[in-house]
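Chemist: Below is one structure. I have some questions about it.
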There are 2 protein chains.
Amino acid sequence: MGTKGEGNRQRIIDAADNLFYRRGYNQTSFQDISDATGIPRGNFYYYFKTKDEILDAVVSSRVEELSNMLSQCEAETNDARQRLLMFSNMLEDKRDDVIQSGCPIGSLSTELAKDEAELQAISRQAFTLLRDWVKQQFETLGLANADDLAMDLLARMQGATVMACAFKDADFIARSQRDIKEWINSKTMN
Amino acid sequence: MGTKGEGNRQRIIDAADNLFYRRGYNQTSFQDISDATGIPRGNFYYYFKTKDEILDAVVSSRVEELSNMLSQCEAETNDARQRLLMFSNMLEDKRDDVIQSGCPIGSLSTELAKDEAELQAISRQAFTLLRDWVKQQFETLGLANADDLAMDLLARMQGATVMACAFKDADFIARSQRDIKEWINSKTMN
DNA sequence: GTCTATATGTAGATAGAC
DNA sequence: GTCTATCTACATATAGAC
């Protein structure tokens, strides 16, 4: 812990995280990561046996980061409805990135769905974390079909992302987020 | 027209179309297309100067195929609401493919959004065709915000696709399609 | 732990015989 | 129009000196 090696390992993960998002997993080479970090290509194999293991570490890092974000969200309010509304803010918060590169989780999952089933299963961990958290918020509000609602919310955000990215349309992000908030309210207010 | 050459050209396009969908554009090599068609790699350059040109031909082919599908849809009913409901059937009709590989149009667009802006613009043609057609159906029904509704419909279908593909969930496709039809009815019936 | 050199495979693209 | 041989670049991965 705290050694030089662990620092390098984390730098590789952080650079790969960003590159996998901006260029895609398959389009990111070790050379790209080397250029971004200054760490020579051959050195990577001291920390990771294969590129797959870098993906695994990147997904774990994203899961941890998302966990922290969700914990912060929980710390800010005890009202599950407010938490869901805050969660949906992610769309506009990340608007520019979303328009340029899509959703980091959704685009990775779809990329790896194509003839790389084992890798897609790794990427699914991030989706599962969000799905379970959203489900729990709906459950707290006493809704029976909480998992269905969680899938619906994530699907709406993914759909808005894919279309906004395809047409480079920031306004559509804004409008979709308003609609999603209305939908959350319609499901959680009585 | 009708020469051996044109036949080969079309066979290359058809094989590339399928491979771009199943494996992704960047993950499809000339060797893959050669294996699928039996046409030698080097021969491709007689028909296409670059891989980009194959993509362009594939997208044109998809646009034409979709145009035919929409024309058939128009031929079957004059009721724009029925047309939209038929259009939404695509999700379940292509259920197995969608779960395995996502949406051919959406996944291609998102893949090419990543550092390949010119290629993404090519892929956008297919989205634009669908968007305009759906918009026209809503307009026929006298709805003022027809383009917004078109984007919303496509976004819902894309969102259902991304999530169903991520979780390999056929039931979610079915449920989403029901919800989408309810939404279409709610917007178009008075 | 760090880095260079290199092995091995395959990518897109080209040249030129037939 | 068709096909083989080949070019150049770059991919992941390894070996081994320091």
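A note on labels: chains of the structure tokens are A, B, ... as shown, every chain counts residues from 1, and ligands are counted from 1 in their shown order.
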What lies within 12 Å of Asp96 of chain A using only C-alpha atoms (C1' of nucleotides), ignoring chain neighbours under 4 positions off, as number ranges by chain?
Modeler: A: 90-92, 100-103, 161, 164-165, 168-171, 173-174
Chemist: Leaving out segment 53-55 of chain B and any residue of its chain fewer than 2 positions from it, which residues lie within 12 Å of it when counting only C-alpha atoms (C1' of nucleotides), given as an NGL selection string?
Modeler: :B and (9-21 or 24-26 or 28-30 or 33 or 44-51 or 57-62 or 108-109 or 112 or 118-125)
Chemist: Go ahead and compute the interatomic distance for atom CA of Met157 of chain B and atom CA of Asp97 of chain A, in Å to one decimal.
Modeler: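 Taking atom CA of Met157 of chain B as the start and atom CA of Asp97 of chain A as the end point, the length is 22.0 Å.
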Chemist: Write out as a count of residues only every residue belonging to chain C that has an atom at most 8 Å from any atom of chain A, counting only C-alpha atoms (C1' of nucleotides).
Modeler: 3
Chemist: If we count only C-alpha atoms, which residues of chain B reach to within 7 Å of chain A? Please list them as a list in words.
Modeler: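 Every residue meeting the condition is included here: Arg22, Arg23, Gly24, Gln100, Ser101, Gly102, Gly106, Ser107, Ser109, Thr110, Ala113, Lys114, Asp115, Arg124, Ala155, Arg156, Gln158, Gly159, Ala160, Val162, Met163 and Ala166 of chain B.
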Chemist: Mind listing as a list of chain:residue names which residues of chain D are within 9 Å of chain A, counting only C-alpha atoms (C1' of nucleotides)?
Modeler: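 Residues satisfying the distance criterion: D:DA11, D:DT12, D:DA13, D:DT14.
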Chemist: If we count only C-alpha atoms (C1' of nucleotides) and set the cut-off at 7 Å, which residues sit around segment 64-81 of chain A, ignoring sequence neighbours fewer than 6 positions away in its own chain? Please answer as number ranges by chain.
Modeler: A: 137, 140-141, 188
Chemist: Have a look at atom CA of Leu130 of chain B and atom CA of Leu143 of chain B and let me know their distance in Å, one decimal.
Modeler: 17.5 Å
Chemist: Restricting the calculation to only C-alpha atoms (C1' of nucleotides): of B:Gly38, B:Ile180, B:Glu6, B:Val134, which residue gets closest to DC3 of chain D?
Modeler: B:Gly38
Chemist: Can you pull out every residue from segment 29-154 of chain A that DSSP, working from the backbone, puts in alpha helix (DSSP H), and format the result as a ChimeraX atom specification?
Modeler: /A:30-37,44-47,51-76,80-88,90-93,95-101,104-113,117-140,146-154
Chemist: Could you tell me how far atom CA of Asn89 of chain A sits from atom CA of Trp133 of chain A, in Å to one decimal place?
Modeler: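 We find that atom CA of Trp133 of chain A and atom CA of Asn89 of chain A lie 15.4 Å from each other.
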Chemist: Excluding Lys135 of chain B and its own-chain neighbours fewer than 3 positions away, which residues fall within 8 Å of it when counting only C-alpha atoms (C1' of nucleotides)? Please give them as a list in words.
Modeler: Arg131, Asp132, Phe138, Glu139, Ala146, Asp147, Leu149 and Ala150 of chain B
Chemist: Keeping C-alpha atoms, export the residues of the selection given above as a tab-separated table (two decimals), in the first residue's frame.
Modeler:
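After the write, part00.tsv holds the following:
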```
chain	number	residue	atom	x	y	z
B	131	ARG	CA	-36.98	9.94	-37.16
B	132	ASP	CA	-38.51	11.68	-40.18
B	138	PHE	CA	-47.39	12.11	-35.61
B	139	GLU	CA	-47.88	15.13	-37.86
B	146	ALA	CA	-44.24	15.71	-33.81
B	147	ASP	CA	-40.44	15.77	-33.95
B	149	LEU	CA	-42.50	12.73	-30.08
B	150	ALA	CA	-40.45	11.00	-32.76
```
Chemist: Quick one: residues within 10 Å of DA5 of chain C, only C-alpha atoms (C1' of nucleotides) counted, chain neighbours fewer than 2 positions away excluded, as a PyMOL selection string?
Modeler: (chain C and resi 3+7) or (chain D and resi 15-16)
Chemist: Produce a file of the selected residues containing all heavy atoms, as a PDB file, in the first residue's frame.
Modeler:
```
ATOM      1  P    DC C   3      10.284   3.359 -15.770  1.00  0.00           P
ATOM      2  OP1  DC C   3      10.842   4.716 -15.747  1.00  0.00           O
ATOM      3  OP2  DC C   3       8.832   3.147 -15.807  1.00  0.00           O
ATOM      4  O5'  DC C   3      10.943   2.609 -16.998  1.00  0.00           O
ATOM      5  C5'  DC C   3      12.375   2.618 -17.146  1.00  0.00           C
ATOM      6  C4'  DC C   3      12.803   1.576 -18.167  1.00  0.00           C
ATOM      7  O4'  DC C   3      12.367   0.283 -17.738  1.00  0.00           O
ATOM      8  C3'  DC C   3      12.209   1.760 -19.562  1.00  0.00           C
ATOM      9  O3'  DC C   3      13.218   2.312 -20.409  1.00  0.00           O
ATOM     10  C2'  DC C   3      11.796   0.347 -19.990  1.00  0.00           C
ATOM     11  C1'  DC C   3      12.369  -0.536 -18.887  1.00  0.00           C
ATOM     12  N1   DC C   3      11.551  -1.747 -18.595  1.00  0.00           N
ATOM     13  C2   DC C   3      12.054  -3.008 -18.904  1.00  0.00           C
ATOM     14  O2   DC C   3      13.174  -3.093 -19.428  1.00  0.00           O
ATOM     15  N3   DC C   3      11.301  -4.108 -18.639  1.00  0.00           N
ATOM     16  C4   DC C   3      10.098  -3.977 -18.075  1.00  0.00           C
ATOM     17  N4   DC C   3       9.411  -5.089 -17.824  1.00  0.00           N
ATOM     18  C5   DC C   3       9.568  -2.693 -17.744  1.00  0.00           C
ATOM     19  C6   DC C   3      10.316  -1.616 -18.030  1.00  0.00           C
ATOM     20  P    DA C   7      13.111 -11.396 -32.183  1.00  0.00           P
ATOM     21  OP1  DA C   7      14.396 -12.111 -32.183  1.00  0.00           O
ATOM     22  OP2  DA C   7      12.737 -10.552 -33.324  1.00  0.00           O
ATOM     23  O5'  DA C   7      11.965 -12.464 -31.945  1.00  0.00           O
ATOM     24  C5'  DA C   7      11.780 -13.018 -30.647  1.00  0.00           C
ATOM     25  C4'  DA C   7      10.321 -13.388 -30.455  1.00  0.00           C
ATOM     26  O4'  DA C   7       9.582 -12.204 -30.076  1.00  0.00           O
ATOM     27  C3'  DA C   7       9.655 -13.940 -31.718  1.00  0.00           C
ATOM     28  O3'  DA C   7       9.027 -15.171 -31.412  1.00  0.00           O
ATOM     29  C2'  DA C   7       8.640 -12.872 -32.115  1.00  0.00           C
ATOM     30  C1'  DA C   7       8.356 -12.182 -30.795  1.00  0.00           C
ATOM     31  N9   DA C   7       7.964 -10.765 -30.931  1.00  0.00           N
ATOM     32  C8   DA C   7       8.700  -9.751 -31.457  1.00  0.00           C
ATOM     33  N7   DA C   7       8.099  -8.582 -31.428  1.00  0.00           N
ATOM     34  C5   DA C   7       6.874  -8.859 -30.843  1.00  0.00           C
ATOM     35  C6   DA C   7       5.780  -8.043 -30.527  1.00  0.00           C
ATOM     36  N6   DA C   7       5.736  -6.735 -30.773  1.00  0.00           N
ATOM     37  N1   DA C   7       4.713  -8.631 -29.937  1.00  0.00           N
ATOM     38  C2   DA C   7       4.748  -9.953 -29.693  1.00  0.00           C
ATOM     39  N3   DA C   7       5.725 -10.817 -29.940  1.00  0.00           N
ATOM     40  C4   DA C   7       6.773 -10.200 -30.524  1.00  0.00           C
TER      41       DA C   7
ATOM     42  P    DA D  15       8.263 -15.784 -22.078  1.00  0.00           P
ATOM     43  OP1  DA D  15       8.365 -17.207 -22.452  1.00  0.00           O
ATOM     44  OP2  DA D  15       7.752 -15.399 -20.740  1.00  0.00           O
ATOM     45  O5'  DA D  15       9.684 -15.085 -22.284  1.00  0.00           O
ATOM     46  C5'  DA D  15       9.986 -14.473 -23.554  1.00  0.00           C
ATOM     47  C4'  DA D  15      11.460 -14.111 -23.587  1.00  0.00           C
ATOM     48  O4'  DA D  15      11.590 -12.659 -23.555  1.00  0.00           O
ATOM     49  C3'  DA D  15      12.273 -14.608 -22.403  1.00  0.00           C
ATOM     50  O3'  DA D  15      13.608 -14.829 -22.839  1.00  0.00           O
ATOM     51  C2'  DA D  15      12.146 -13.473 -21.389  1.00  0.00           C
ATOM     52  C1'  DA D  15      12.091 -12.237 -22.292  1.00  0.00           C
ATOM     53  N9   DA D  15      11.199 -11.177 -21.816  1.00  0.00           N
ATOM     54  C8   DA D  15      10.034 -11.300 -21.129  1.00  0.00           C
ATOM     55  N7   DA D  15       9.446 -10.159 -20.846  1.00  0.00           N
ATOM     56  C5   DA D  15      10.302  -9.208 -21.402  1.00  0.00           C
ATOM     57  C6   DA D  15      10.245  -7.796 -21.444  1.00  0.00           C
ATOM     58  N6   DA D  15       9.264  -7.086 -20.900  1.00  0.00           N
ATOM     59  N1   DA D  15      11.255  -7.160 -22.069  1.00  0.00           N
ATOM     60  C2   DA D  15      12.236  -7.873 -22.611  1.00  0.00           C
ATOM     61  N3   DA D  15      12.402  -9.216 -22.627  1.00  0.00           N
ATOM     62  C4   DA D  15      11.385  -9.819 -21.998  1.00  0.00           C
ATOM     63  P    DG D  16      14.688 -15.414 -21.762  1.00  0.00           P
ATOM     64  OP1  DG D  16      15.626 -16.239 -22.562  1.00  0.00           O
ATOM     65  OP2  DG D  16      13.986 -16.001 -20.598  1.00  0.00           O
ATOM     66  O5'  DG D  16      15.454 -14.118 -21.285  1.00  0.00           O
ATOM     67  C5'  DG D  16      15.948 -13.195 -22.255  1.00  0.00           C
ATOM     68  C4'  DG D  16      16.385 -11.927 -21.554  1.00  0.00           C
ATOM     69  O4'  DG D  16      15.230 -11.119 -21.216  1.00  0.00           O
ATOM     70  C3'  DG D  16      17.144 -12.135 -20.232  1.00  0.00           C
ATOM     71  O3'  DG D  16      18.181 -11.182 -20.146  1.00  0.00           O
ATOM     72  C2'  DG D  16      16.079 -11.853 -19.190  1.00  0.00           C
ATOM     73  C1'  DG D  16      15.399 -10.687 -19.889  1.00  0.00           C
ATOM     74  N9   DG D  16      14.114 -10.280 -19.347  1.00  0.00           N
ATOM     75  C8   DG D  16      13.146 -11.044 -18.761  1.00  0.00           C
ATOM     76  N7   DG D  16      12.105 -10.352 -18.377  1.00  0.00           N
ATOM     77  C5   DG D  16      12.413  -9.044 -18.714  1.00  0.00           C
ATOM     78  C6   DG D  16      11.677  -7.851 -18.526  1.00  0.00           C
ATOM     79  O6   DG D  16      10.578  -7.692 -18.021  1.00  0.00           O
ATOM     80  N1   DG D  16      12.374  -6.739 -19.026  1.00  0.00           N
ATOM     81  C2   DG D  16      13.609  -6.790 -19.612  1.00  0.00           C
ATOM     82  N2   DG D  16      14.120  -5.645 -20.027  1.00  0.00           N
ATOM     83  N3   DG D  16      14.307  -7.903 -19.782  1.00  0.00           N
ATOM     84  C4   DG D  16      13.652  -8.982 -19.324  1.00  0.00           C
TER      85       DG D  16
END
```
